[in-house]
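Structure file model-v4.txt (compact mmCIF, C-alpha atoms) is printed below.
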# COMPACT_ATOMS: atom_id res chain seq x y z
CA MET A 1 75.72 112.36 91.06
CA GLU A 2 76.82 108.75 90.73
CA GLU A 3 75.44 106.07 92.99
CA ILE A 4 79.05 105.11 93.77
CA ALA A 5 81.13 108.18 94.64
CA LEU A 6 84.37 106.76 93.24
CA LYS A 7 82.92 107.01 89.73
CA GLU A 8 82.73 110.82 90.04
CA PHE A 9 86.11 111.57 88.47
CA ASP A 10 86.84 115.32 88.36
CA GLU A 11 89.25 116.22 85.57
CA ILE A 12 88.42 119.92 85.38
CA SER A 13 88.63 121.78 88.67
CA GLU A 14 91.87 122.57 90.48
CA GLU A 15 92.93 120.84 93.69
CA VAL A 16 92.46 122.78 96.92
CA ILE A 17 95.66 121.36 98.47
CA GLN A 18 98.89 121.44 96.45
CA ALA A 19 101.70 118.88 96.72
CA ASP A 20 104.13 121.50 98.01
CA MET A 21 101.78 122.43 100.85
CA GLN A 22 104.69 122.32 103.30
CA GLN A 23 106.43 125.06 101.25
CA LYS A 24 109.92 123.70 101.87
CA GLY A 25 111.48 124.81 98.59
CA TYR A 26 113.23 121.53 97.83
CA ILE A 27 114.72 120.84 94.41
CA LEU A 28 114.91 117.07 93.96
CA PRO A 29 116.73 115.03 91.29
CA GLU A 30 114.54 114.17 88.32
CA LYS A 31 114.99 110.41 88.73
CA ALA A 32 113.72 108.64 91.83
CA ILE A 33 113.54 105.18 93.33
CA PHE A 34 110.43 104.83 95.48
CA ALA A 35 111.14 101.89 97.75
CA PHE A 36 108.68 99.80 99.77
CA LEU A 37 111.63 98.27 101.58
CA GLY A 38 112.03 99.85 104.99
CA ASP A 39 114.59 102.29 106.33
CA GLU A 40 117.30 99.73 107.08
CA VAL A 41 117.77 98.68 103.45
CA ILE A 42 117.67 102.26 102.19
CA GLU A 43 120.10 103.56 104.79
CA LYS A 44 122.57 100.81 103.88
CA TYR A 45 122.61 102.00 100.25
CA VAL A 46 122.84 105.63 101.32
CA ALA A 47 125.93 104.80 103.36
CA GLN A 48 127.44 102.69 100.57
CA TYR A 49 127.16 105.51 98.02
CA GLN A 50 127.87 108.31 100.49
CA GLY A 51 124.44 109.78 99.95
CA GLN A 52 122.98 112.84 101.58
CA LYS A 53 119.58 113.63 103.06
CA ILE A 54 118.11 116.36 100.87
CA ALA A 55 114.48 116.53 101.99
CA SER A 56 112.07 115.42 104.67
CA PHE A 57 108.31 115.12 104.43
CA ASP A 58 106.29 115.13 107.65
CA SER A 59 103.12 113.15 108.24
CA ILE A 60 101.06 112.77 111.38
CA THR A 61 102.67 109.38 112.11
CA LYS A 62 106.12 109.43 110.53
CA CYS A 63 108.76 111.59 108.90
CA PHE A 64 109.89 110.37 105.46
CA ASP A 65 113.47 111.29 104.59
CA VAL A 66 114.57 111.71 100.98
CA TYR A 67 118.17 111.04 99.98
CA SER A 68 120.35 111.81 96.99
CA ILE A 69 122.99 109.34 95.87
CA VAL A 70 125.29 109.38 92.85
CA TYR A 71 125.23 106.17 90.81
CA GLU A 72 127.33 105.89 87.64
CA GLY A 73 127.61 109.64 87.51
CA GLN A 74 123.89 110.37 87.87
CA LYS A 75 122.04 111.85 90.83
CA ILE A 76 119.26 109.57 91.99
CA CYS A 77 116.57 110.42 94.52
CA LEU A 78 115.91 107.62 97.00
CA CYS A 79 112.89 107.57 99.30
CA ALA A 80 111.08 105.00 101.41
CA ALA A 81 107.46 104.57 100.34
CA TRP A 82 104.35 104.61 102.49
CA ALA A 83 102.54 101.25 102.55
CA GLY A 84 99.04 101.31 101.07
CA ALA A 85 97.71 103.11 98.01
CA ALA A 86 96.51 106.35 99.62
CA GLY A 87 99.66 107.05 101.64
CA ALA A 88 102.00 105.97 98.84
CA VAL A 89 100.35 108.30 96.32
CA MET A 90 100.35 111.17 98.80
CA LEU A 91 104.12 110.83 99.22
CA MET A 92 104.67 110.30 95.50
CA GLU A 93 102.79 113.55 94.84
CA MET A 94 105.24 115.38 97.10
CA LEU A 95 108.22 113.95 95.19
CA ILE A 96 106.68 115.06 91.91
CA GLY A 97 105.79 118.45 93.36
CA TYR A 98 109.46 119.10 94.15
CA GLY A 99 110.88 118.09 90.78
CA VAL A 100 110.86 114.29 90.26
CA LYS A 101 109.91 113.30 86.69
CA LYS A 102 110.84 109.61 86.42
CA ILE A 103 109.98 107.11 89.15
CA LEU A 104 110.83 103.45 89.55
CA ALA A 105 109.06 101.82 92.49
CA VAL A 106 110.13 98.56 94.09
CA GLY A 107 108.23 96.45 96.58
CA SER A 108 106.86 93.06 97.49
CA CYS A 109 103.85 91.23 96.15
CA GLY A 110 101.96 88.08 96.98
CA CYS A 111 101.87 85.20 94.52
CA LEU A 112 98.50 84.16 93.10
CA VAL A 113 100.05 81.40 90.99
CA PRO A 114 102.93 79.07 91.88
CA MET A 115 106.17 81.07 91.81
CA GLU A 116 109.37 80.83 93.73
CA GLU A 117 109.88 83.39 96.48
CA ASN A 118 112.14 86.33 95.54
CA THR A 119 111.16 86.23 91.85
CA PHE A 120 111.26 89.65 90.19
CA LEU A 121 108.37 90.94 88.08
CA PHE A 122 107.40 94.11 86.26
CA ALA A 123 103.76 95.20 86.62
CA GLU A 124 102.47 95.51 83.07
CA LYS A 125 98.90 96.23 84.12
CA ALA A 126 96.96 96.38 87.38
CA LEU A 127 93.39 95.55 88.35
CA ARG A 128 92.02 98.54 90.29
CA ASP A 129 90.57 97.22 93.53
CA GLU A 130 91.60 100.23 95.63
CA GLY A 131 90.09 103.68 95.99
CA THR A 132 92.89 106.15 95.28
CA SER A 133 93.34 105.56 91.55
CA PHE A 134 89.74 106.62 90.84
CA HIS A 135 90.62 110.18 91.86
CA TYR A 136 93.38 110.28 89.21
CA GLN A 137 91.89 108.43 86.23
CA PRO A 138 88.31 107.73 85.09
CA ALA A 139 86.79 104.53 86.38
CA SER A 140 87.95 101.35 84.65
CA ARG A 141 88.71 97.81 85.70
CA TRP A 142 92.34 97.79 84.53
CA ILE A 143 95.08 100.36 84.23
CA HIS A 144 98.17 99.82 82.08
CA ALA A 145 101.75 100.85 82.85
CA GLU A 146 103.52 103.14 80.41
CA GLU A 147 104.97 100.91 77.70
CA SER A 148 107.88 103.18 76.83
CA MET A 149 109.09 103.23 80.44
CA LEU A 150 108.81 99.45 80.72
CA GLN A 151 110.79 98.95 77.53
CA GLU A 152 113.45 101.41 78.67
CA VAL A 153 114.12 99.70 81.99
CA GLU A 154 113.88 96.23 80.44
CA GLU A 155 116.48 97.10 77.80
CA LYS A 156 118.81 98.46 80.45
CA LEU A 157 118.46 95.35 82.60
CA ASN A 158 118.80 92.99 79.63
CA GLY A 159 122.09 94.74 78.87
CA CYS A 160 123.17 93.86 82.41
CA GLY A 161 122.11 90.23 81.98
CA ILE A 162 119.00 90.61 84.16
CA ALA A 163 115.70 89.30 82.80
CA VAL A 164 112.47 90.32 84.56
CA LYS A 165 109.10 88.84 83.67
CA ARG A 166 106.05 91.05 83.11
CA CYS A 167 102.80 90.28 84.91
CA ALA A 168 99.30 91.48 85.68
CA VAL A 169 98.79 92.45 89.31
CA TRP A 170 95.70 92.76 91.48
CA THR A 171 95.93 95.91 93.63
CA THR A 172 93.72 95.90 96.70
CA ASP A 173 93.41 98.09 99.80
CA ALA A 174 92.39 95.22 102.04
CA PHE A 175 95.24 92.86 102.94
CA PHE A 176 93.04 90.83 105.27
CA ARG A 177 90.09 90.71 102.84
CA GLU A 178 91.82 88.83 100.04
CA THR A 179 89.12 86.16 100.20
CA LYS A 180 89.32 82.71 98.64
CA ASP A 181 86.62 83.50 96.07
CA LYS A 182 88.26 86.78 95.08
CA VAL A 183 91.66 85.13 94.73
CA GLU A 184 90.17 82.59 92.32
CA LYS A 185 88.38 85.30 90.33
CA ARG A 186 91.54 87.39 90.01
CA LYS A 187 93.52 84.36 88.88
CA ALA A 188 90.85 83.66 86.25
CA GLU A 189 91.31 87.23 84.97
CA GLY A 190 95.02 86.66 84.52
CA CYS A 191 96.46 88.21 87.69
CA GLU A 192 99.62 86.46 88.85
CA ALA A 193 100.40 88.70 91.83
CA VAL A 194 98.67 90.90 94.41
CA ASP A 195 99.87 94.17 95.96
CA MET A 196 98.44 97.26 97.66
CA GLU A 197 99.72 100.25 95.63
CA CYS A 198 100.51 99.59 91.98
CA SER A 199 97.29 100.65 90.22
CA ALA A 200 97.14 103.87 92.25
CA LEU A 201 100.77 104.77 91.50
CA ILE A 202 100.26 104.18 87.77
CA ALA A 203 97.15 106.38 87.85
CA CYS A 204 98.91 109.20 89.68
CA ALA A 205 101.86 109.10 87.29
CA LYS A 206 99.56 109.29 84.27
CA HIS A 207 97.65 112.22 85.76
CA ARG A 208 100.81 114.16 86.59
CA GLY A 209 102.57 113.33 83.31
CA VAL A 210 105.61 111.62 84.82
CA GLN A 211 107.24 108.34 83.83
CA PHE A 212 106.63 105.39 86.12
CA ALA A 213 107.25 101.67 86.38
CA GLN A 214 107.08 99.21 89.28
CA LEU A 215 109.38 96.30 90.04
CA LEU A 216 107.85 93.65 92.28
CA TYR A 217 109.43 90.74 94.08
CA THR A 218 107.43 87.74 95.24
CA ALA A 219 107.02 87.33 98.97
CA ASP A 220 104.11 85.36 100.48
CA THR A 221 101.96 83.04 98.37
CA LEU A 222 98.18 82.68 98.03
CA ALA A 223 98.48 80.20 95.16
CA GLU A 224 96.95 77.52 97.39
CA SER A 225 94.05 79.26 99.11
CA GLU A 226 93.72 76.46 101.67
CA ALA A 227 97.39 76.71 102.62
CA TYR A 228 98.52 80.34 102.79
CA ASP A 229 102.30 80.57 103.19
CA ILE A 230 103.96 83.74 104.46
CA ARG A 231 107.41 82.26 103.63
CA THR A 232 110.07 84.84 104.59
CA PHE A 233 108.07 87.68 102.99
CA GLY A 234 110.72 88.25 100.33
CA LYS A 235 113.42 89.24 102.77
CA THR A 236 116.27 88.05 100.54
CA ALA A 237 115.08 90.13 97.58
CA ARG A 238 114.93 93.52 99.28
CA GLU A 239 118.52 94.63 98.80
CA ILE A 240 118.76 92.88 95.43
CA GLY A 241 115.65 94.70 94.24
CA LEU A 242 117.06 98.09 95.15
CA GLY A 243 120.25 97.24 93.26
CA ILE A 244 118.23 96.26 90.19
CA CYS A 245 116.39 99.57 90.33
CA LEU A 246 119.64 101.54 90.44
CA LYS A 247 120.80 99.80 87.26
CA ALA A 248 117.44 100.33 85.56
CA ILE A 249 116.75 103.98 86.48
CA ILE A 250 119.88 105.33 84.82
Whole structure given in structure tokens:
Amino acid sequence: MEEIALKEFDEISEEVIQADMQQKGYILPEKAIFAFLGDEVIEKYVAQYQGQKIASFDSITKCFDVYSIVYEGQKICLCAAWAGAAGAVMLMEMLIGYGVKKILAVGSCGCLVPMEENTFLFAEKALRDEGTSFHYQPASRWIHAEESMLQEVEEKLNGCGIAVKRCAVWTTDAFFRETKDKVEKRKAEGCEAVDMECSALIACAKHRGVQFAQLLYTADTLAESEAYDIRTFGKTAREIGLGICLKAII
């Protein structure tokens, strides 16, 4: 027994609860966009591409609808993501359990260094300051995104004239405990952004053997710890980010 329970990674025994626990029999498209954007943005794209609701996952607080749209001749699965590492991974597991094999997530991040709002970034690696990832990969400080997936989406976007910078991101469970000292320590380690899900999503994807990458857009800024600025929380980038993902996922 470890002194800290999160270090007790179990890579041998089978899970008691399976991802298809609701036994709904869905067959989802293999490619999915997992969007931390809210229903309004997603529903707009569903209407634009004449998409259809193909699945629905129930939780105790909310029902998450899954849509299928056709983009440049390919079926793409589109689903709103649950905020926070634990909920996001739980929903991602359900997508994988019903057939998804390649996932591109999109969501906001806070700036740790000076950056304009609505700047797009790819998470190259994430510092694991949340609890969920430790149930999917052995304990470590950092977790790295799959290089082949990053290169694939970057090449596609470069072909469309879209350049996205890579970055290191600090993933933390505690939005209101991003303290001044911790912000400075994370910056010293090379983190340029902070979010709440990335390291856990990377860990889950690695454990389940699916391809995964995450596109982030800058929202609020913690670059000046004495002058936190919520800005517009990346509102302008939400629809643009979903459009970028559609181009990249195909």
With a cut-off of 10 Å, could you pull out the residues of range 103-205 of chain A touching range 4-9 of chain A and give me the nearest pair of atoms for each, distance in Å to one decimal, using only C-alpha atoms, ordered by chain and ascending number, as a tab-separated table?
residue	atom	partner	partner_atom	distance
A:Gly131	CA	A:Leu6	CA	7.1
A:Thr132	CA	A:Leu6	CA	8.8
A:Ser133	CA	A:Leu6	CA	9.2
A:Phe134	CA	A:Leu6	CA	5.9
A:His135	CA	A:Phe9	CA	5.8
A:Tyr136	CA	A:Phe9	CA	7.4
A:Gln137	CA	A:Phe9	CA	6.9
A:Pro138	CA	A:Phe9	CA	5.6
A:Ala139	CA	A:Lys7	CA	5.7
A:Ser140	CA	A:Lys7	CA	9.1
**Asked** Nearest to Ala203 in chain A among A:Asp220, A:Glu93, A:Glu116, A:Glu155, with distances taken over all atoms listed in the file: which residue is it?
**Response** A:Glu93
**Prompt:** Could you pull the residues within 12 Å of Cys63 in chain A, counting only C-alpha atoms, minus those fewer than 2 positions along the same chain, as a ChimeraX atom specification?
**Reply:** /A:39,55-61,65-66,79-82,91
**Request:** Have a look at CA of Gln151 in chain A and CA of Cys204 in chain A and let me know their distance in Å, one decimal.
**Result:**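 Distance between the two atoms: 19.8 Å.
Distance check against Ala85 in chain A using only C-alpha atoms: of A:Lys62, A:Lys187, A:Arg231, A:Arg128, the minimum falls on A:Arg128.
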**Request:** For CA of Gly73 in chain A and CA of Lys102 in chain A, determine how far apart the two atoms are, in Å to one decimal place.
**Result:**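 The value is 16.8 Å.
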**Message:** Residues near range 67-69 of chain A, anyone? I mean within 12 Å using all atoms listed in the file, not counting same-chain ones fewer than 2 positions away, as a ChimeraX atom specification.
**Reply:** /A:26-35,39,42-57,64-65,71-80,95,100,246
For the selection you just gave me, I'd like the residues written to a file as a short mmCIF file (atom, residue, chain, number, x, y, z; two decimals), in the coordinates of the input, keeping C-alpha atoms.
data_model
loop_
_atom_site.label_atom_id
_atom_site.label_comp_id
_atom_site.auth_asym_id
_atom_site.auth_seq_id
_atom_site.Cartn_x
_atom_site.Cartn_y
_atom_site.Cartn_z
CA TYR A 26 113.23 121.53 97.83
CA ILE A 27 114.72 120.84 94.41
CA LEU A 28 114.91 117.07 93.96
CA PRO A 29 116.73 115.03 91.29
CA GLU A 30 114.54 114.17 88.32
CA LYS A 31 114.99 110.41 88.73
CA ALA A 32 113.72 108.64 91.83
CA ILE A 33 113.54 105.18 93.33
CA PHE A 34 110.43 104.83 95.48
CA ALA A 35 111.14 101.89 97.75
CA ASP A 39 114.59 102.29 106.33
CA ILE A 42 117.67 102.26 102.19
CA GLU A 43 120.10 103.56 104.79
CA LYS A 44 122.57 100.81 103.88
CA TYR A 45 122.61 102.00 100.25
CA VAL A 46 122.84 105.63 101.32
CA ALA A 47 125.93 104.80 103.36
CA GLN A 48 127.44 102.69 100.57
CA TYR A 49 127.16 105.51 98.02
CA GLN A 50 127.87 108.31 100.49
CA GLY A 51 124.44 109.78 99.95
CA GLN A 52 122.98 112.84 101.58
CA LYS A 53 119.58 113.63 103.06
CA ILE A 54 118.11 116.36 100.87
CA ALA A 55 114.48 116.53 101.99
CA SER A 56 112.07 115.42 104.67
CA PHE A 57 108.31 115.12 104.43
CA PHE A 64 109.89 110.37 105.46
CA ASP A 65 113.47 111.29 104.59
CA TYR A 71 125.23 106.17 90.81
CA GLU A 72 127.33 105.89 87.64
CA GLY A 73 127.61 109.64 87.51
CA GLN A 74 123.89 110.37 87.87
CA LYS A 75 122.04 111.85 90.83
CA ILE A 76 119.26 109.57 91.99
CA CYS A 77 116.57 110.42 94.52
CA LEU A 78 115.91 107.62 97.00
CA CYS A 79 112.89 107.57 99.30
CA ALA A 80 111.08 105.00 101.41
CA LEU A 95 108.22 113.95 95.19
CA VAL A 100 110.86 114.29 90.26
CA LEU A 246 119.64 101.54 90.44
#
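The residue that comes closest to Ile162 in chain A, out of A:Asp181, A:Thr221, A:Leu121, A:His207 and on the basis of all atoms listed in the file, is A:Leu121.
Relative to CA of Ala193 in chain A, CA of Val113 in chain A is found at 7.4 Å.
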**Distance query Phe122 in chain A at most 12 Å, all atoms listed in the file, self and fewer than 2 positions along chain excluded, as a VMD selection string** = chain A and resid 104 to 109 119 to 120 124 to 126 144 to 147 149 to 151 153 to 154 157 163 to 169 192 to 193 198 212 to 218 241 244 to 245 248
**Message:** Which residues are close to Tyr228 in chain A, i.e. within 12 Å by only C-alpha atoms, leaving aside same-chain residues fewer than 5 positions away? Reply as a list in words.
**Reply:** Gly110, Cys111, Leu112, Val113, Pro114, Glu178, Thr179, Lys180, Val183, Ala219, Asp220, Thr221, Leu222 and Ala223 of chain A
**Request:** May I have the residues within 7 Å of Glu239 in chain A as a ChimeraX atom specification, using all atoms listed in the file and disregarding those fewer than 3 positions away in the same chain?
**Result:** /A:41,242-243
May I have the centre and edge lengths, in Å to one decimal, of an axis-aligned box around the listed atoms of range 158-169 of chain A with 3 Å added to every side, as AutoDock Vina command-line options?
--center_x 111.0 --center_y 91.8 --center_z 84.1 --size_x 30.4 --size_y 11.9 --size_z 16.4
Please return range 186-197 of chain A, rebuilt to all heavy atoms, as a PDB file, keeping the file's coordinate frame.
ATOM      1  N   ARG A 186      90.405  86.616  90.537  1.00  0.00           N
ATOM      2  CA  ARG A 186      91.540  87.390  90.010  1.00  0.00           C
ATOM      3  C   ARG A 186      92.473  86.506  89.188  1.00  0.00           C
ATOM      4  O   ARG A 186      92.987  86.921  88.150  1.00  0.00           O
ATOM      5  CB  ARG A 186      92.315  88.056  91.150  1.00  0.00           C
ATOM      6  CG  ARG A 186      91.477  89.022  91.994  1.00  0.00           C
ATOM      7  CD  ARG A 186      90.902  90.166  91.160  1.00  0.00           C
ATOM      8  NE  ARG A 186      90.130  91.062  92.002  1.00  0.00           N
ATOM      9  CZ  ARG A 186      88.798  91.140  92.000  1.00  0.00           C
ATOM     10  NH1 ARG A 186      88.093  90.363  91.183  1.00  0.00           N
ATOM     11  NH2 ARG A 186      88.173  91.987  92.786  1.00  0.00           N
ATOM     12  N   LYS A 187      92.698  85.298  89.638  1.00  0.00           N
ATOM     13  CA  LYS A 187      93.520  84.360  88.880  1.00  0.00           C
ATOM     14  C   LYS A 187      92.881  84.069  87.518  1.00  0.00           C
ATOM     15  O   LYS A 187      93.571  84.002  86.499  1.00  0.00           O
ATOM     16  CB  LYS A 187      93.705  83.065  89.678  1.00  0.00           C
ATOM     17  CG  LYS A 187      94.629  83.220  90.871  1.00  0.00           C
ATOM     18  CD  LYS A 187      94.489  82.100  91.880  1.00  0.00           C
ATOM     19  CE  LYS A 187      94.930  80.768  91.359  1.00  0.00           C
ATOM     20  NZ  LYS A 187      94.931  79.737  92.432  1.00  0.00           N
ATOM     21  N   ALA A 188      91.553  83.933  87.500  1.00  0.00           N
ATOM     22  CA  ALA A 188      90.850  83.660  86.250  1.00  0.00           C
ATOM     23  C   ALA A 188      90.967  84.834  85.269  1.00  0.00           C
ATOM     24  O   ALA A 188      90.911  84.636  84.050  1.00  0.00           O
ATOM     25  CB  ALA A 188      89.375  83.361  86.536  1.00  0.00           C
ATOM     26  N   GLU A 189      91.147  86.041  85.815  1.00  0.00           N
ATOM     27  CA  GLU A 189      91.310  87.230  84.970  1.00  0.00           C
ATOM     28  C   GLU A 189      92.752  87.424  84.508  1.00  0.00           C
ATOM     29  O   GLU A 189      93.039  88.356  83.765  1.00  0.00           O
ATOM     30  CB  GLU A 189      90.855  88.475  85.724  1.00  0.00           C
ATOM     31  CG  GLU A 189      89.367  88.557  85.952  1.00  0.00           C
ATOM     32  CD  GLU A 189      88.966  89.854  86.630  1.00  0.00           C
ATOM     33  OE1 GLU A 189      88.757  90.863  85.919  1.00  0.00           O
ATOM     34  OE2 GLU A 189      88.881  89.871  87.872  1.00  0.00           O
ATOM     35  N   GLY A 190      93.646  86.583  84.975  1.00  0.00           N
ATOM     36  CA  GLY A 190      95.020  86.660  84.520  1.00  0.00           C
ATOM     37  C   GLY A 190      95.994  87.284  85.496  1.00  0.00           C
ATOM     38  O   GLY A 190      97.183  87.454  85.169  1.00  0.00           O
ATOM     39  N   CYS A 191      95.548  87.638  86.703  1.00  0.00           N
ATOM     40  CA  CYS A 191      96.460  88.210  87.690  1.00  0.00           C
ATOM     41  C   CYS A 191      97.365  87.122  88.254  1.00  0.00           C
ATOM     42  O   CYS A 191      96.896  86.057  88.652  1.00  0.00           O
ATOM     43  CB  CYS A 191      95.673  88.858  88.835  1.00  0.00           C
ATOM     44  SG  CYS A 191      94.719  90.311  88.365  1.00  0.00           S
ATOM     45  N   GLU A 192      98.649  87.409  88.295  1.00  0.00           N
ATOM     46  CA  GLU A 192      99.620  86.460  88.850  1.00  0.00           C
ATOM     47  C   GLU A 192     100.146  86.903  90.211  1.00  0.00           C
ATOM     48  O   GLU A 192     100.807  86.123  90.901  1.00  0.00           O
ATOM     49  CB  GLU A 192     100.791  86.292  87.889  1.00  0.00           C
ATOM     50  CG  GLU A 192     100.411  85.659  86.568  1.00  0.00           C
ATOM     51  CD  GLU A 192     101.599  85.503  85.644  1.00  0.00           C
ATOM     52  OE1 GLU A 192     102.303  84.490  85.760  1.00  0.00           O
ATOM     53  OE2 GLU A 192     101.844  86.416  84.829  1.00  0.00           O
ATOM     54  N   ALA A 193      99.880  88.159  90.575  1.00  0.00           N
ATOM     55  CA  ALA A 193     100.400  88.700  91.830  1.00  0.00           C
ATOM     56  C   ALA A 193      99.386  89.662  92.424  1.00  0.00           C
ATOM     57  O   ALA A 193      98.474  90.139  91.738  1.00  0.00           O
ATOM     58  CB  ALA A 193     101.734  89.402  91.600  1.00  0.00           C
ATOM     59  N   VAL A 194      99.551  89.954  93.714  1.00  0.00           N
ATOM     60  CA  VAL A 194      98.670  90.900  94.410  1.00  0.00           C
ATOM     61  C   VAL A 194      99.527  91.864  95.212  1.00  0.00           C
ATOM     62  O   VAL A 194     100.517  91.461  95.839  1.00  0.00           O
ATOM     63  CB  VAL A 194      97.658  90.159  95.312  1.00  0.00           C
ATOM     64  CG1 VAL A 194      98.355  89.254  96.317  1.00  0.00           C
ATOM     65  CG2 VAL A 194      96.735  91.135  96.023  1.00  0.00           C
ATOM     66  N   ASP A 195      99.165  93.155  95.170  1.00  0.00           N
ATOM     67  CA  ASP A 195      99.870  94.170  95.960  1.00  0.00           C
ATOM     68  C   ASP A 195      98.863  95.193  96.447  1.00  0.00           C
ATOM     69  O   ASP A 195      97.658  95.043  96.247  1.00  0.00           O
ATOM     70  CB  ASP A 195     101.005  94.814  95.160  1.00  0.00           C
ATOM     71  CG  ASP A 195     100.552  96.033  94.376  1.00  0.00           C
ATOM     72  OD1 ASP A 195      99.442  95.972  93.759  1.00  0.00           O
ATOM     73  OD2 ASP A 195     101.254  97.047  94.377  1.00  0.00           O
ATOM     74  N   MET A 196      99.348  96.274  97.067  1.00  0.00           N
ATOM     75  CA  MET A 196      98.440  97.260  97.660  1.00  0.00           C
ATOM     76  C   MET A 196      98.572  98.668  97.070  1.00  0.00           C
ATOM     77  O   MET A 196      97.855  99.567  97.493  1.00  0.00           O
ATOM     78  CB  MET A 196      98.679  97.335  99.168  1.00  0.00           C
ATOM     79  CG  MET A 196      98.352  96.064  99.912  1.00  0.00           C
ATOM     80  SD  MET A 196      98.640  96.187 101.693  1.00  0.00           S
ATOM     81  CE  MET A 196      97.434  97.430 102.164  1.00  0.00           C
ATOM     82  N   GLU A 197      99.468  98.880  96.086  1.00  0.00           N
ATOM     83  CA  GLU A 197      99.720 100.250  95.630  1.00  0.00           C
ATOM     84  C   GLU A 197      99.769 100.442  94.115  1.00  0.00           C
ATOM     85  O   GLU A 197      99.561 101.554  93.616  1.00  0.00           O
ATOM     86  CB  GLU A 197     101.070 100.760  96.193  1.00  0.00           C
ATOM     87  CG  GLU A 197     101.172 100.787  97.692  1.00  0.00           C
ATOM     88  CD  GLU A 197     101.716  99.511  98.302  1.00  0.00           C
ATOM     89  OE1 GLU A 197     102.248  98.667  97.528  1.00  0.00           O
ATOM     90  OE2 GLU A 197     101.634  99.347  99.532  1.00  0.00           O
TER      91      GLU A 197
END
